[in-house]
Amino acid sequence: MAKFAFYPGCAAKGASKELYESTVAVAEELGIELLELPQFSCCGAGVLEEIKDVMDIAVNARNLAYAEREGLNIVTVCSTCLLVLRKAKFHLDNDDELREGVNEILSRFGLRYEGKVEVKHFHWILLDELGEDGLRERVKRPLSGLKVYPYYGCHTVRPESVLGYEPSENPQSLERIIRALGAEVALGERRLECCGFHAFWPAPQLSMKLTGMNLKDAKISGADCIVTPCPLCHMNLDANQKRALKAIGESFQIPVLHLPQLVGIALGIDERRLGLQRNIVPVRC
Amino acid sequence: MEKREVTFRIFRFNPKRDEKPCYRDYKLPVPKGMTILEALQFIKDNLDPTLSFRAFCRSAICGSCAVKINGFPKLACKTQVLNEVEKFGTDILTVEPIDNFPVIRDLIVDWEPAIEKLREVYPYLIPDPEVVPHTLEEESRVYPGELKKFDIFTDCILCTSCYSACTAVKIDEEYGGPFQLARSYRFAVDPRDALKKERAKVGLAFNMWNCVRCEKCADVCPKHIAPVDGIMKLRGLSIEIGKRDNPGARHVMAFYKSLLESGMLNEVLLPLRTKGIKGIIENLPLGVMMILKGKAHSPIVKPIDEHETLVGVMKAAMEVE
C-alpha cells in the first residue's frame, strides 16, 4: 500500500485532535503509511497572501520541498490546507519567473522545489488506493440504515481549476464513500454551500447564519448525521452548532463526523481511537 | 448528426401579470455542440415565442446572457447542452435567472443593484498627474511586471455571474460584490492611478472582510478570473496603508505572528489576538466546552523542526520587490 507525507494542518494538530486520531487509526487499519514530516509548517490558511502573496507561496514551497526531499506525495485532512498548498503549486508550476525567485530563497536554506510532489486529500486517496469495492471489502460494521448528509466544504472542490479531482458542480466522492460503507446518502440542497468559517472573526453573525442554514438543510433532508472532510467546516457545524442554530432561530442537535471518523466506525475501529468522545455534539454509535 | 432528447425546465415569471413564478418544460432534440443559447432561441422560434431572455454577441464577450443551469450561473452562449447533461447525469436541465437580482421577466434580471455598487467603487482610472503625461505626445508606460499584477482583472465582461453566485452578497446587502471589489484592486495596483492603495478604503466601506472565501466567484467566472484573489489582495493593501484596527486585519497578523513564533497557528491565542478581551468573552462558552471535551491545548506551541528555515524564508520573501 502507498506511503504519503502526512500534512495534518493546524486544526488537526490542535482543537480537532479527533480528526488526527481518526485519520491515523483509519490509515493504519487500511495499511496506508503516513509519515508526518516534523518540518511542515502551517500553510497560512490563505491569509498570508493578505500580507504578501510571494510570502504565502514561498512558505508553502518550503512545505512542498520537504515532501519532495522525502520523495513522497502529500496527503492532508484539511480542505483549506489542500487548496492553499495546491494553489501555491499551481502558481509555481505555471510561472517560471516566480519559481526561480522562490527557489533562490529556498536555496539559501538548502531546499529546492522541483514540481514533482502532488497534494491530495485523504478521502481522495481512499478512493484512489482502495476504490469503492476495496473499501466495501474492508467494512466490518456496515452502516446500514444510517442516513448521512455529505457536506463537502468549499475548499474541497472549488475552484475546480486548482483542485480538479472531480467536477465542482456535481462532486460524488463523498457519496461514493458513504455508499461503500453501507450507509444511505441524505439528499440536500446545501451540500456545496459555504459554512462561513473564513469570515467567522470579522463577521460572526454572517458566518453563523450560513452554518445554521446548512445544519437546517441537513435536518430537513432526514439525515442522522453530517460528514465532512474539512475540519474548519466541522468546527462551525459541530463546535458552533448551538450558536449557529440560534442565529437562524432554530434549536436541535445533529452529530457531525469527520470523514475518517465515519470510515473508522464502519471499519470497526474502537470509538476512542476515533476520538468520538471529543465531538461537541454527542455521537452515539 | 445524432441528436439527444433534452428537456429544458425553464423558469417563467412576469411580475406584472403572474402571482408567482412557475416552471415550464420544453423538450427538443439536441445535436452535439448546441449551446444553451441556441436551445433557448430554438424554443422561442419554434415552441414558445413568449420566452424572454437576454443575449447579444454569442461569443462570450458581451456578458449579457448569464443564466443559471442546474443551479450554477453560466453564459448561455458559451455552455454546450450535452456537456451539462453529462456532468449532471440527467436529461432534464433547469434554466433559471441568475440569483441575487430582481427578475424583470423570465430569464431577464435587473442588474441595477450590482451596477450601482460598481459605480461607487470609481471603476475607472483616475490619472495620477505625476505619472500620466499631460499631452498625447508622450507615452504613459506600464511595464510587464506592473501589468502582471492586474492584467487578468481587466478581462472582466461584467456578466455578473460572480455577483449572482456570491455567498456574502446573499447574506449581506451592503457587501460590495466580487467583480466590483476586484475592479477596485485592479486600479489600486495600476501605476497610473492617482488613488492607488487608498482604494482599499472603498473596499473597507463595502465590507470586504466579509468575503467568506467560498471560491464560487473563481469557479463561475467565464473569463477565468478569480475575483476572490483580487479581494484578498485589496485586503492586504488595506493592512499596508495602516487599516489594522479591525478583526480581519488582526486575524491576518495573528497568523503571521504564529508562524514566526512556532511555525504553527496558535489557536488558543487567536480570539485574544483577533478581538481582544471581547474575543475571549464571546468564545468563552465554546472554550470551556473544548476543555471539557479534551480538545483544548496549551497556549505554548512547540516550534516545528527547522523552524529557522521558515523564518528565513518568510523574511526573505518579505524583501522581494
# chains A, B, ... in the order shown; residues from 1 in each chain; ligands from 1
call {"tool": "select_by_dssp", "arguments": {"residues": "region 72-272 of chain B", "states": "strand (DSSP E)", "output": "count of residues only"}}
result
14
call {"tool": "residues_around", "arguments": {"residues": "Leu51 (chain B)", "least_positions_apart": "2", "cutoff": "9 Å", "atoms": "only C-alpha atoms", "output": "PyMOL selection string"}}
result
chain B and resi 12+40-41+43-44+48-49+53+105-107
call {"tool": "closest_atom_pairs", "arguments": {"of": "region 182-234 of chain B", "to": "region 172-194 of chain A", "cutoff": "9 Å", "atoms": "only C-alpha atoms", "output": "Markdown table"}}
result
| residue | atom | partner | partner_atom | distance |
| --- | --- | --- | --- | --- |
| B:Val212 | CA | A:Cys194 | CA | 7.7 |
| B:Arg213 | CA | A:Cys194 | CA | 8.7 |
| B:Cys214 | CA | A:Cys194 | CA | 5.9 |
call {"tool": "residues_around", "arguments": {"residues": "Ala168 (chain B)", "least_positions_apart": "3", "cutoff": "7 Å", "atoms": "only C-alpha atoms", "output": "list of chain:residue names"}}
result
B:Ile171, B:Asp172, B:Tyr175, B:Asn210, B:Cys211, B:Val212
call {"tool": "write_last_selection", "arguments": {"atoms": "N, CA and C atoms", "output": "JSON list (two decimals), in the first residue's frame"}}
result
[["chain", "number", "residue", "atom", "x", "y", "z"],
["B", 171, "ILE", "N", -26.09, 37.13, 1.91],
["B", 171, "ILE", "CA", -26.40, 37.37, 3.32],
["B", 171, "ILE", "C", -26.30, 38.85, 3.68],
["B", 172, "ASP", "N", -25.35, 39.55, 3.05],
["B", 172, "ASP", "CA", -25.08, 40.94, 3.44],
["B", 172, "ASP", "C", -25.32, 41.89, 2.25],
["B", 175, "TYR", "N", -22.52, 44.33, 1.24],
["B", 175, "TYR", "CA", -21.26, 43.82, 0.71],
["B", 175, "TYR", "C", -21.07, 44.27, -0.75],
["B", 210, "ASN", "N", -15.91, 40.69, 4.80],
["B", 210, "ASN", "CA", -16.99, 39.71, 4.88],
["B", 210, "ASN", "C", -16.92, 38.64, 3.78],
["B", 211, "CYS", "N", -15.98, 38.78, 2.87],
["B", 211, "CYS", "CA", -15.82, 37.72, 1.85],
["B", 211, "CYS", "C", -15.50, 36.43, 2.60],
["B", 212, "VAL", "N", -16.29, 35.37, 2.33],
["B", 212, "VAL", "CA", -16.12, 34.10, 3.05],
["B", 212, "VAL", "C", -15.11, 33.17, 2.37]]
call {"tool": "interface_residues", "arguments": {"of": "chain B", "to": "chain A", "cutoff": "7 Å", "atoms": "only C-alpha atoms", "output": "JSON, numbers by chain"}}
result
{"B": [88, 171, 209, 210, 211, 212, 213, 214, 215, 216, 218, 219, 232, 233, 235, 236, 247, 248, 252, 255, 256, 259, 263, 264, 265, 293, 294, 295, 296, 297, 304, 305, 306, 309, 310, 313, 314, 316, 317, 318]}
call {"tool": "closest_residue", "arguments": {"among": "B:Thr7, B:Ser184, B:Asn100, B:Asn266", "to": "Ile126 (chain B)", "atoms": "only C-alpha atoms"}}
result
B:Ser184
call {"tool": "select_by_dssp", "arguments": {"residues": "region 41-283 of chain A", "states": "helix (DSSP H, G or I)", "output": "PyMOL selection string"}}
result
chain A and resi 47-50+53-70+79-94+96-107+122-138+154-157+173-180+197-199+204-220+231-239+241-247+259-266+271-274+276-278
call {"tool": "residues_around", "arguments": {"residues": "Leu245 (chain A)", "least_positions_apart": "4", "cutoff": "6 Å", "atoms": "only C-alpha atoms", "output": "PyMOL selection string"}}
result
chain A and resi 212+250-251
call {"tool": "atom_distance", "arguments": {"atom1": "CA of Pro97 (chain B)", "atom2": "CA of Pro73 (chain B)"}}
result
8.5 Å
call {"tool": "closest_residue", "arguments": {"among": "B:Gly203, B:Pro144, B:Pro15, B:Pro191", "to": "Val109 (chain B)", "atoms": "only C-alpha atoms"}}
result
B:Pro15
call {"tool": "atom_distance", "arguments": {"atom1": "CA of Arg284 (chain A)", "atom2": "CA of Pro255 (chain A)"}}
result
8.6 Å
call {"tool": "atom_distance", "arguments": {"atom1": "CA of Cys159 (chain B)", "atom2": "CA of Asn83 (chain B)"}}
result
21.1 Å
call {"tool": "residues_around", "arguments": {"residues": "Tyr122 (chain B)", "least_positions_apart": "5", "cutoff": "10 Å", "atoms": "only C-alpha atoms", "output": "list in words"}}
result
Lys117, Gln180, Arg183, Ser184, Phe187, Arg199 and Val202 of chain B
call {"tool": "write_last_selection", "arguments": {"atoms": "C-alpha atoms", "output": "mmCIF file, in the first residue's frame"}}
result
data_model
loop_
_atom_site.group_PDB
_atom_site.id
_atom_site.type_symbol
_atom_site.label_atom_id
_atom_site.label_comp_id
_atom_site.auth_asym_id
_atom_site.auth_seq_id
_atom_site.Cartn_x
_atom_site.Cartn_y
_atom_site.Cartn_z
ATOM 1 C CA LYS B 117 -22.224 49.301 -6.423
ATOM 2 C CA GLN B 180 -16.714 45.360 -8.020
ATOM 3 C CA ARG B 183 -12.130 46.128 -10.102
ATOM 4 C CA SER B 184 -11.108 48.265 -7.148
ATOM 5 C CA PHE B 187 -6.882 50.174 -10.249
ATOM 6 C CA ARG B 199 -8.699 52.468 -2.967
ATOM 7 C CA VAL B 202 -13.510 51.794 -0.609
#
call {"tool": "residues_around", "arguments": {"residues": "Lys87 (chain A)", "least_positions_apart": "3", "cutoff": "9 Å", "atoms": "only C-alpha atoms", "output": "mmCIF file with all heavy atoms, in the first residue's frame"}}
result
data_model
loop_
_atom_site.group_PDB
_atom_site.id
_atom_site.type_symbol
_atom_site.label_atom_id
_atom_site.label_comp_id
_atom_site.auth_asym_id
_atom_site.auth_seq_id
_atom_site.Cartn_x
_atom_site.Cartn_y
_atom_site.Cartn_z
ATOM 1 N N ILE A 57 3.366 31.952 -1.022
ATOM 2 C CA ILE A 57 3.847 30.915 -1.938
ATOM 3 C C ILE A 57 5.189 30.344 -1.466
ATOM 4 O O ILE A 57 5.397 29.123 -1.501
ATOM 5 C CB ILE A 57 3.920 31.472 -3.377
ATOM 6 C CG1 ILE A 57 2.484 31.708 -3.876
ATOM 7 C CG2 ILE A 57 4.661 30.517 -4.315
ATOM 8 C CD1 ILE A 57 2.369 32.445 -5.172
ATOM 9 N N LEU A 82 -5.369 21.981 1.746
ATOM 10 C CA LEU A 82 -5.352 21.381 0.406
ATOM 11 C C LEU A 82 -5.340 22.469 -0.659
ATOM 12 O O LEU A 82 -4.512 22.460 -1.575
ATOM 13 C CB LEU A 82 -6.600 20.489 0.232
ATOM 14 C CG LEU A 82 -6.801 19.844 -1.135
ATOM 15 C CD1 LEU A 82 -5.910 18.623 -1.295
ATOM 16 C CD2 LEU A 82 -8.264 19.425 -1.323
ATOM 17 N N LEU A 83 -6.260 23.421 -0.523
ATOM 18 C CA LEU A 83 -6.354 24.490 -1.517
ATOM 19 C C LEU A 83 -5.102 25.362 -1.509
ATOM 20 O O LEU A 83 -4.555 25.674 -2.565
ATOM 21 C CB LEU A 83 -7.603 25.358 -1.267
ATOM 22 C CG LEU A 83 -7.712 26.594 -2.167
ATOM 23 C CD1 LEU A 83 -7.824 26.207 -3.631
ATOM 24 C CD2 LEU A 83 -8.893 27.466 -1.772
ATOM 25 N N VAL A 84 -4.651 25.741 -0.310
ATOM 26 C CA VAL A 84 -3.505 26.653 -0.232
ATOM 27 C C VAL A 84 -2.242 25.998 -0.807
ATOM 28 O O VAL A 84 -1.513 26.609 -1.582
ATOM 29 C CB VAL A 84 -3.289 27.122 1.229
ATOM 30 C CG1 VAL A 84 -1.997 27.916 1.357
ATOM 31 C CG2 VAL A 84 -4.472 27.969 1.685
ATOM 32 N N PHE A 90 0.276 25.337 -8.051
ATOM 33 C CA PHE A 90 -0.268 25.789 -9.336
ATOM 34 C C PHE A 90 0.508 27.014 -9.844
ATOM 35 O O PHE A 90 0.924 27.075 -10.998
ATOM 36 C CB PHE A 90 -1.753 26.124 -9.153
ATOM 37 C CG PHE A 90 -2.468 26.543 -10.405
ATOM 38 C CD1 PHE A 90 -3.013 25.594 -11.253
ATOM 39 C CD2 PHE A 90 -2.607 27.886 -10.732
ATOM 40 C CE1 PHE A 90 -3.677 25.971 -12.408
ATOM 41 C CE2 PHE A 90 -3.270 28.280 -11.890
ATOM 42 C CZ PHE A 90 -3.808 27.314 -12.732
ATOM 43 N N HIS A 91 0.698 27.985 -8.965
ATOM 44 C CA HIS A 91 1.429 29.197 -9.370
ATOM 45 C C HIS A 91 2.891 28.884 -9.680
ATOM 46 O O HIS A 91 3.441 29.370 -10.662
ATOM 47 C CB HIS A 91 1.347 30.266 -8.270
ATOM 48 C CG HIS A 91 -0.014 30.890 -8.159
ATOM 49 N ND1 HIS A 91 -0.644 31.468 -9.229
ATOM 50 C CD2 HIS A 91 -0.873 31.029 -7.114
ATOM 51 C CE1 HIS A 91 -1.830 31.932 -8.857
ATOM 52 N NE2 HIS A 91 -1.999 31.663 -7.573
ATOM 53 N N LEU A 92 3.513 28.078 -8.829
ATOM 54 C CA LEU A 92 4.929 27.745 -9.025
ATOM 55 C C LEU A 92 5.149 26.974 -10.328
ATOM 56 O O LEU A 92 6.105 27.221 -11.052
ATOM 57 C CB LEU A 92 5.447 26.905 -7.850
ATOM 58 C CG LEU A 92 5.599 27.628 -6.504
ATOM 59 C CD1 LEU A 92 5.714 26.620 -5.363
ATOM 60 C CD2 LEU A 92 6.794 28.565 -6.508
ATOM 61 N N VAL A 162 -8.017 24.568 -9.711
ATOM 62 C CA VAL A 162 -6.883 24.287 -8.820
ATOM 63 C C VAL A 162 -7.040 22.910 -8.163
ATOM 64 O O VAL A 162 -6.069 22.186 -7.980
ATOM 65 C CB VAL A 162 -6.749 25.379 -7.734
ATOM 66 C CG1 VAL A 162 -5.619 25.056 -6.769
ATOM 67 C CG2 VAL A 162 -6.518 26.753 -8.369
ATOM 68 N N LEU A 163 -8.270 22.547 -7.797
ATOM 69 C CA LEU A 163 -8.475 21.272 -7.090
ATOM 70 C C LEU A 163 -8.625 20.109 -8.060
ATOM 71 O O LEU A 163 -7.870 19.149 -8.007
ATOM 72 C CB LEU A 163 -9.655 21.391 -6.133
ATOM 73 C CG LEU A 163 -9.262 22.342 -4.991
ATOM 74 C CD1 LEU A 163 -10.446 23.008 -4.361
ATOM 75 C CD2 LEU A 163 -8.421 21.631 -3.955
#
call {"tool": "closest_atom_pairs", "arguments": {"of": "region 215-305 of chain B", "to": "region 150-153 of chain B", "cutoff": "10 Å", "atoms": "only C-alpha atoms", "output": "tab-separated table"}}
result
residue	atom	partner	partner_atom	distance
B:Lys223	CA	B:Ile152	CA	8.7
B:His224	CA	B:Ile152	CA	8.4
B:Ile225	CA	B:Ile152	CA	6.2
B:Ala226	CA	B:Phe153	CA	8.2
B:Pro227	CA	B:Phe153	CA	7.6
B:Asp229	CA	B:Phe153	CA	9.8
B:Gly230	CA	B:Phe153	CA	7.9
call {"tool": "write_last_selection", "arguments": {"atoms": "all heavy atoms", "output": "PDB file, in the first residue's frame"}}
result
ATOM      1  N   LYS B 223     -14.416  34.037 -17.709  1.00  0.00           N
ATOM      2  CA  LYS B 223     -13.139  34.550 -18.194  1.00  0.00           C
ATOM      3  C   LYS B 223     -11.966  34.056 -17.338  1.00  0.00           C
ATOM      4  O   LYS B 223     -10.849  34.581 -17.439  1.00  0.00           O
ATOM      5  CB  LYS B 223     -13.167  36.084 -18.222  1.00  0.00           C
ATOM      6  CG  LYS B 223     -14.128  36.632 -19.269  1.00  0.00           C
ATOM      7  CD  LYS B 223     -13.600  36.277 -20.655  1.00  0.00           C
ATOM      8  CE  LYS B 223     -14.589  36.591 -21.751  1.00  0.00           C
ATOM      9  NZ  LYS B 223     -14.184  36.028 -23.042  1.00  0.00           N
ATOM     10  N   HIS B 224     -12.234  33.118 -16.457  1.00  0.00           N
ATOM     11  CA  HIS B 224     -11.207  32.520 -15.597  1.00  0.00           C
ATOM     12  C   HIS B 224     -10.483  33.541 -14.720  1.00  0.00           C
ATOM     13  O   HIS B 224      -9.287  33.431 -14.462  1.00  0.00           O
ATOM     14  CB  HIS B 224     -10.199  31.707 -16.430  1.00  0.00           C
ATOM     15  CG  HIS B 224     -10.875  30.787 -17.401  1.00  0.00           C
ATOM     16  ND1 HIS B 224     -11.606  29.710 -16.980  1.00  0.00           N
ATOM     17  CD2 HIS B 224     -10.981  30.813 -18.753  1.00  0.00           C
ATOM     18  CE1 HIS B 224     -12.120  29.096 -18.038  1.00  0.00           C
ATOM     19  NE2 HIS B 224     -11.767  29.759 -19.114  1.00  0.00           N
ATOM     20  N   ILE B 225     -11.227  34.539 -14.291  1.00  0.00           N
ATOM     21  CA  ILE B 225     -10.675  35.495 -13.332  1.00  0.00           C
ATOM     22  C   ILE B 225     -11.051  34.919 -11.961  1.00  0.00           C
ATOM     23  O   ILE B 225     -12.091  34.297 -11.828  1.00  0.00           O
ATOM     24  CB  ILE B 225     -11.344  36.880 -13.490  1.00  0.00           C
ATOM     25  CG1 ILE B 225     -11.208  37.380 -14.925  1.00  0.00           C
ATOM     26  CG2 ILE B 225     -10.782  37.890 -12.499  1.00  0.00           C
ATOM     27  CD1 ILE B 225     -12.122  38.548 -15.269  1.00  0.00           C
ATOM     28  N   ALA B 226     -10.228  35.153 -10.956  1.00  0.00           N
ATOM     29  CA  ALA B 226     -10.640  34.770  -9.605  1.00  0.00           C
ATOM     30  C   ALA B 226     -10.819  36.065  -8.815  1.00  0.00           C
ATOM     31  O   ALA B 226      -9.857  36.533  -8.195  1.00  0.00           O
ATOM     32  CB  ALA B 226      -9.613  33.855  -8.963  1.00  0.00           C
ATOM     33  N   PRO B 227     -12.025  36.650  -8.836  1.00  0.00           N
ATOM     34  CA  PRO B 227     -12.218  37.911  -8.106  1.00  0.00           C
ATOM     35  C   PRO B 227     -11.771  37.802  -6.647  1.00  0.00           C
ATOM     36  O   PRO B 227     -11.222  38.750  -6.088  1.00  0.00           O
ATOM     37  CB  PRO B 227     -13.725  38.151  -8.207  1.00  0.00           C
ATOM     38  CG  PRO B 227     -14.141  37.441  -9.451  1.00  0.00           C
ATOM     39  CD  PRO B 227     -13.257  36.231  -9.537  1.00  0.00           C
ATOM     40  N   ASP B 229      -9.258  36.448  -5.399  1.00  0.00           N
ATOM     41  CA  ASP B 229      -7.825  36.751  -5.269  1.00  0.00           C
ATOM     42  C   ASP B 229      -7.613  38.264  -5.204  1.00  0.00           C
ATOM     43  O   ASP B 229      -6.774  38.752  -4.439  1.00  0.00           O
ATOM     44  CB  ASP B 229      -7.022  36.169  -6.439  1.00  0.00           C
ATOM     45  CG  ASP B 229      -6.993  34.637  -6.409  1.00  0.00           C
ATOM     46  OD1 ASP B 229      -7.473  34.061  -5.415  1.00  0.00           O
ATOM     47  OD2 ASP B 229      -6.506  34.032  -7.382  1.00  0.00           O
ATOM     48  N   GLY B 230      -8.367  38.987  -6.021  1.00  0.00           N
ATOM     49  CA  GLY B 230      -8.277  40.450  -6.003  1.00  0.00           C
ATOM     50  C   GLY B 230      -8.750  41.010  -4.673  1.00  0.00           C
ATOM     51  O   GLY B 230      -8.147  41.937  -4.119  1.00  0.00           O
TER      52      GLY B 230
END
call {"tool": "closest_residue", "arguments": {"among": "A:Tyr20, A:Phe4, A:Tyr151, A:Phe122", "to": "Cys225 (chain A)", "atoms": "only C-alpha atoms"}}
result
A:Tyr151
